[in-house]
Amino acid sequence: MTRFRVAVEIVPRRGLLDPQGKAVSDALHTLGFSTVSDVRVGRHLVLDTDAADADAARAEVQRMCEQLLANPVTEDFHIGSAERA
């Protein structure tokens, strides 16, 4: 087994209310950043996991996201590459 580090981004689904993202967007506009059209505020997780290879590590993290880390009704997630830790 090898230890892999895998990054996961979890964000609210498009079309769903994101009050935190709206607040950040409004604040940026107030500060003069008028080019910002949308902000989604989510979570960034970095997991260290033991697996036989990078594909197995990503598959395991996929299952973690589906079962616990992300709400399948309200959130989308993206799993980055698995790098040796």
# chains A, B, ... in the order shown; residues from 1 in each chain; ligands from 1
$ select_by_dssp --residues "segment 4-46 of chain A" --states "strand (DSSP E or B)" --output "short mmCIF file (atom, residue, chain, number, x, y, z; two decimals) with C-alpha atoms, in the first residue's frame"
data_model
loop_
_atom_site.label_atom_id
_atom_site.label_comp_id
_atom_site.auth_asym_id
_atom_site.auth_seq_id
_atom_site.Cartn_x
_atom_site.Cartn_y
_atom_site.Cartn_z
CA PHE A 4 -1.83 9.15 -1.63
CA ARG A 5 -2.97 12.74 -1.12
CA VAL A 6 -6.24 13.58 -2.89
CA ALA A 7 -7.88 17.02 -3.03
CA VAL A 8 -11.65 17.41 -3.26
CA GLU A 9 -13.67 20.55 -4.05
CA ILE A 10 -17.30 20.57 -2.91
CA VAL A 11 -19.58 23.41 -4.03
CA PRO A 12 -23.31 24.13 -4.00
CA ARG A 43 -15.25 23.41 0.86
CA HIS A 44 -11.76 22.24 -0.04
CA LEU A 45 -10.70 18.94 1.53
CA VAL A 46 -7.32 17.22 1.33
#
$ residues_around --residues "Glu75 of chain A" --least-positions-apart "2" --cutoff "12 Å" --atoms "only C-alpha atoms" --output "list in words"
Glu9, Ile10, Val11, Pro12, Arg13, Arg14, Gly15, Leu16, Leu17, Asp18, Arg40, Val41, Gly42, Arg43, Cys65, Glu66, Leu68, Leu69, Ala70, Asn71, Pro72, Val73, Phe77 and His78 of chain A
$ closest_residue --among "A:Gly80, A:Gly21, A:Val61, A:Asp53" --to "Val39 of chain A" --atoms "only C-alpha atoms"
A:Gly21
$ atom_distance --atom1 "atom CA of Gln67 of chain A" --atom2 "atom CA of Lys22 of chain A"
27.9 Å
$ closest_residue --among "A:Arg84, A:Asp38, A:Asp55, A:Asp48" --to "Asp26 of chain A" --atoms "only C-alpha atoms"
A:Asp38
$ closest_residue --among "A:Glu83, A:Ala23, A:Thr74, A:Thr35" --to "Ala56 of chain A" --atoms "only C-alpha atoms"
A:Glu83
$ atom_distance --atom1 "atom CA of Asp76 of chain A" --atom2 "atom CA of Ala59 of chain A"
16.2 Å
$ atom_distance --atom1 "atom CA of Arg58 of chain A" --atom2 "atom CA of Ala82 of chain A"
6.3 Å
$ closest_residue --among "A:Val24, A:Leu31, A:Ala51, A:Met64" --to "Ala85 of chain A" --atoms "only C-alpha atoms"
A:Ala51
$ decode --residues "segment 25-65 of chain A" --atoms "N, CA and C atoms" --output "PDB file, in the first residue's frame"
ATOM      1  N   SER A  25     -20.036  37.952  -3.365  1.00  0.00           N
ATOM      2  CA  SER A  25     -20.202  38.645  -4.642  1.00  0.00           C
ATOM      3  C   SER A  25     -20.589  40.108  -4.423  1.00  0.00           C
ATOM      4  N   ASP A  26     -21.559  40.349  -3.541  1.00  0.00           N
ATOM      5  CA  ASP A  26     -21.978  41.719  -3.250  1.00  0.00           C
ATOM      6  C   ASP A  26     -20.844  42.541  -2.656  1.00  0.00           C
ATOM      7  N   ALA A  27     -20.067  41.944  -1.756  1.00  0.00           N
ATOM      8  CA  ALA A  27     -18.945  42.656  -1.148  1.00  0.00           C
ATOM      9  C   ALA A  27     -17.882  43.010  -2.189  1.00  0.00           C
ATOM     10  N   LEU A  28     -17.613  42.075  -3.100  1.00  0.00           N
ATOM     11  CA  LEU A  28     -16.638  42.358  -4.159  1.00  0.00           C
ATOM     12  C   LEU A  28     -17.110  43.512  -5.044  1.00  0.00           C
ATOM     13  N   HIS A  29     -18.401  43.523  -5.372  1.00  0.00           N
ATOM     14  CA  HIS A  29     -18.936  44.630  -6.178  1.00  0.00           C
ATOM     15  C   HIS A  29     -18.817  45.949  -5.431  1.00  0.00           C
ATOM     16  N   THR A  30     -19.079  45.926  -4.130  1.00  0.00           N
ATOM     17  CA  THR A  30     -18.967  47.122  -3.307  1.00  0.00           C
ATOM     18  C   THR A  30     -17.533  47.651  -3.309  1.00  0.00           C
ATOM     19  N   LEU A  31     -16.576  46.739  -3.361  1.00  0.00           N
ATOM     20  CA  LEU A  31     -15.160  47.135  -3.371  1.00  0.00           C
ATOM     21  C   LEU A  31     -14.667  47.521  -4.757  1.00  0.00           C
ATOM     22  N   GLY A  32     -15.557  47.482  -5.748  1.00  0.00           N
ATOM     23  CA  GLY A  32     -15.188  47.926  -7.089  1.00  0.00           C
ATOM     24  C   GLY A  32     -14.812  46.817  -8.049  1.00  0.00           C
ATOM     25  N   PHE A  33     -14.959  45.573  -7.652  1.00  0.00           N
ATOM     26  CA  PHE A  33     -14.649  44.452  -8.543  1.00  0.00           C
ATOM     27  C   PHE A  33     -15.903  44.093  -9.345  1.00  0.00           C
ATOM     28  N   SER A  34     -16.240  44.959 -10.292  1.00  0.00           N
ATOM     29  CA  SER A  34     -17.494  44.808 -11.032  1.00  0.00           C
ATOM     30  C   SER A  34     -17.455  43.692 -12.072  1.00  0.00           C
ATOM     31  N   THR A  35     -16.292  43.134 -12.343  1.00  0.00           N
ATOM     32  CA  THR A  35     -16.191  42.077 -13.349  1.00  0.00           C
ATOM     33  C   THR A  35     -16.631  40.713 -12.822  1.00  0.00           C
ATOM     34  N   VAL A  36     -16.807  40.577 -11.517  1.00  0.00           N
ATOM     35  CA  VAL A  36     -17.226  39.299 -10.919  1.00  0.00           C
ATOM     36  C   VAL A  36     -18.711  39.102 -11.205  1.00  0.00           C
ATOM     37  N   SER A  37     -19.049  37.984 -11.828  1.00  0.00           N
ATOM     38  CA  SER A  37     -20.453  37.738 -12.167  1.00  0.00           C
ATOM     39  C   SER A  37     -21.118  36.733 -11.229  1.00  0.00           C
ATOM     40  N   ASP A  38     -20.347  35.845 -10.596  1.00  0.00           N
ATOM     41  CA  ASP A  38     -20.937  34.850  -9.706  1.00  0.00           C
ATOM     42  C   ASP A  38     -19.862  34.322  -8.771  1.00  0.00           C
ATOM     43  N   VAL A  39     -20.254  33.990  -7.558  1.00  0.00           N
ATOM     44  CA  VAL A  39     -19.343  33.391  -6.579  1.00  0.00           C
ATOM     45  C   VAL A  39     -20.053  32.196  -5.955  1.00  0.00           C
ATOM     46  N   ARG A  40     -19.389  31.077  -5.899  1.00  0.00           N
ATOM     47  CA  ARG A  40     -19.887  29.886  -5.214  1.00  0.00           C
ATOM     48  C   ARG A  40     -18.893  29.595  -4.099  1.00  0.00           C
ATOM     49  N   VAL A  41     -19.370  29.511  -2.873  1.00  0.00           N
ATOM     50  CA  VAL A  41     -18.509  29.230  -1.730  1.00  0.00           C
ATOM     51  C   VAL A  41     -18.721  27.776  -1.338  1.00  0.00           C
ATOM     52  N   GLY A  42     -17.629  27.030  -1.275  1.00  0.00           N
ATOM     53  CA  GLY A  42     -17.723  25.623  -0.934  1.00  0.00           C
ATOM     54  C   GLY A  42     -16.648  25.219   0.052  1.00  0.00           C
ATOM     55  N   ARG A  43     -16.266  23.966  -0.043  1.00  0.00           N
ATOM     56  CA  ARG A  43     -15.255  23.411   0.861  1.00  0.00           C
ATOM     57  C   ARG A  43     -14.137  22.780   0.031  1.00  0.00           C
ATOM     58  N   HIS A  44     -12.934  22.873   0.563  1.00  0.00           N
ATOM     59  CA  HIS A  44     -11.762  22.237  -0.036  1.00  0.00           C
ATOM     60  C   HIS A  44     -11.233  21.245   0.994  1.00  0.00           C
ATOM     61  N   LEU A  45     -11.200  19.976   0.626  1.00  0.00           N
ATOM     62  CA  LEU A  45     -10.697  18.945   1.528  1.00  0.00           C
ATOM     63  C   LEU A  45      -9.456  18.316   0.914  1.00  0.00           C
ATOM     64  N   VAL A  46      -8.502  17.967   1.753  1.00  0.00           N
ATOM     65  CA  VAL A  46      -7.321  17.218   1.330  1.00  0.00           C
ATOM     66  C   VAL A  46      -7.264  15.967   2.195  1.00  0.00           C
ATOM     67  N   LEU A  47      -7.334  14.816   1.536  1.00  0.00           N
ATOM     68  CA  LEU A  47      -7.350  13.540   2.257  1.00  0.00           C
ATOM     69  C   LEU A  47      -6.083  12.763   1.953  1.00  0.00           C
ATOM     70  N   ASP A  48      -5.476  12.199   2.964  1.00  0.00           N
ATOM     71  CA  ASP A  48      -4.382  11.250   2.801  1.00  0.00           C
ATOM     72  C   ASP A  48      -4.971   9.865   3.018  1.00  0.00           C
ATOM     73  N   THR A  49      -4.820   8.998   2.040  1.00  0.00           N
ATOM     74  CA  THR A  49      -5.402   7.667   2.135  1.00  0.00           C
ATOM     75  C   THR A  49      -4.430   6.635   1.573  1.00  0.00           C
ATOM     76  N   ASP A  50      -4.458   5.446   2.131  1.00  0.00           N
ATOM     77  CA  ASP A  50      -3.607   4.359   1.656  1.00  0.00           C
ATOM     78  C   ASP A  50      -4.354   3.559   0.603  1.00  0.00           C
ATOM     79  N   ALA A  51      -3.672   3.266  -0.508  1.00  0.00           N
ATOM     80  CA  ALA A  51      -4.292   2.510  -1.600  1.00  0.00           C
ATOM     81  C   ALA A  51      -3.207   1.822  -2.415  1.00  0.00           C
ATOM     82  N   ALA A  52      -3.629   0.862  -3.230  1.00  0.00           N
ATOM     83  CA  ALA A  52      -2.689   0.125  -4.070  1.00  0.00           C
ATOM     84  C   ALA A  52      -2.104   1.011  -5.165  1.00  0.00           C
ATOM     85  N   ASP A  53      -2.916   1.933  -5.699  1.00  0.00           N
ATOM     86  CA  ASP A  53      -2.448   2.832  -6.755  1.00  0.00           C
ATOM     87  C   ASP A  53      -3.318   4.087  -6.769  1.00  0.00           C
ATOM     88  N   ALA A  54      -2.971   5.035  -7.637  1.00  0.00           N
ATOM     89  CA  ALA A  54      -3.682   6.316  -7.676  1.00  0.00           C
ATOM     90  C   ALA A  54      -5.152   6.139  -8.052  1.00  0.00           C
ATOM     91  N   ASP A  55      -5.447   5.239  -8.990  1.00  0.00           N
ATOM     92  CA  ASP A  55      -6.841   5.020  -9.383  1.00  0.00           C
ATOM     93  C   ASP A  55      -7.662   4.474  -8.225  1.00  0.00           C
ATOM     94  N   ALA A  56      -7.100   3.581  -7.451  1.00  0.00           N
ATOM     95  CA  ALA A  56      -7.806   3.025  -6.289  1.00  0.00           C
ATOM     96  C   ALA A  56      -8.028   4.106  -5.235  1.00  0.00           C
ATOM     97  N   ALA A  57      -7.065   4.995  -5.067  1.00  0.00           N
ATOM     98  CA  ALA A  57      -7.206   6.090  -4.105  1.00  0.00           C
ATOM     99  C   ALA A  57      -8.344   7.020  -4.523  1.00  0.00           C
ATOM    100  N   ARG A  58      -8.392   7.390  -5.808  1.00  0.00           N
ATOM    101  CA  ARG A  58      -9.459   8.262  -6.300  1.00  0.00           C
ATOM    102  C   ARG A  58     -10.822   7.582  -6.179  1.00  0.00           C
ATOM    103  N   ALA A  59     -10.878   6.284  -6.460  1.00  0.00           N
ATOM    104  CA  ALA A  59     -12.139   5.548  -6.352  1.00  0.00           C
ATOM    105  C   ALA A  59     -12.632   5.526  -4.909  1.00  0.00           C
ATOM    106  N   GLU A  60     -11.721   5.361  -3.980  1.00  0.00           N
ATOM    107  CA  GLU A  60     -12.080   5.354  -2.563  1.00  0.00           C
ATOM    108  C   GLU A  60     -12.604   6.726  -2.132  1.00  0.00           C
ATOM    109  N   VAL A  61     -11.936   7.781  -2.582  1.00  0.00           N
ATOM    110  CA  VAL A  61     -12.376   9.134  -2.249  1.00  0.00           C
ATOM    111  C   VAL A  61     -13.738   9.418  -2.900  1.00  0.00           C
ATOM    112  N   GLN A  62     -13.954   8.901  -4.087  1.00  0.00           N
ATOM    113  CA  GLN A  62     -15.255   9.038  -4.758  1.00  0.00           C
ATOM    114  C   GLN A  62     -16.363   8.453  -3.876  1.00  0.00           C
ATOM    115  N   ARG A  63     -16.127   7.267  -3.346  1.00  0.00           N
ATOM    116  CA  ARG A  63     -17.107   6.635  -2.460  1.00  0.00           C
ATOM    117  C   ARG A  63     -17.319   7.461  -1.189  1.00  0.00           C
ATOM    118  N   MET A  64     -16.231   8.028  -0.650  1.00  0.00           N
ATOM    119  CA  MET A  64     -16.346   8.875   0.535  1.00  0.00           C
ATOM    120  C   MET A  64     -17.253  10.079   0.258  1.00  0.00           C
ATOM    121  N   CYS A  65     -17.055  10.699  -0.901  1.00  0.00           N
ATOM    122  CA  CYS A  65     -17.865  11.859  -1.271  1.00  0.00           C
ATOM    123  C   CYS A  65     -19.327  11.468  -1.429  1.00  0.00           C
TER     124      CYS A  65
END
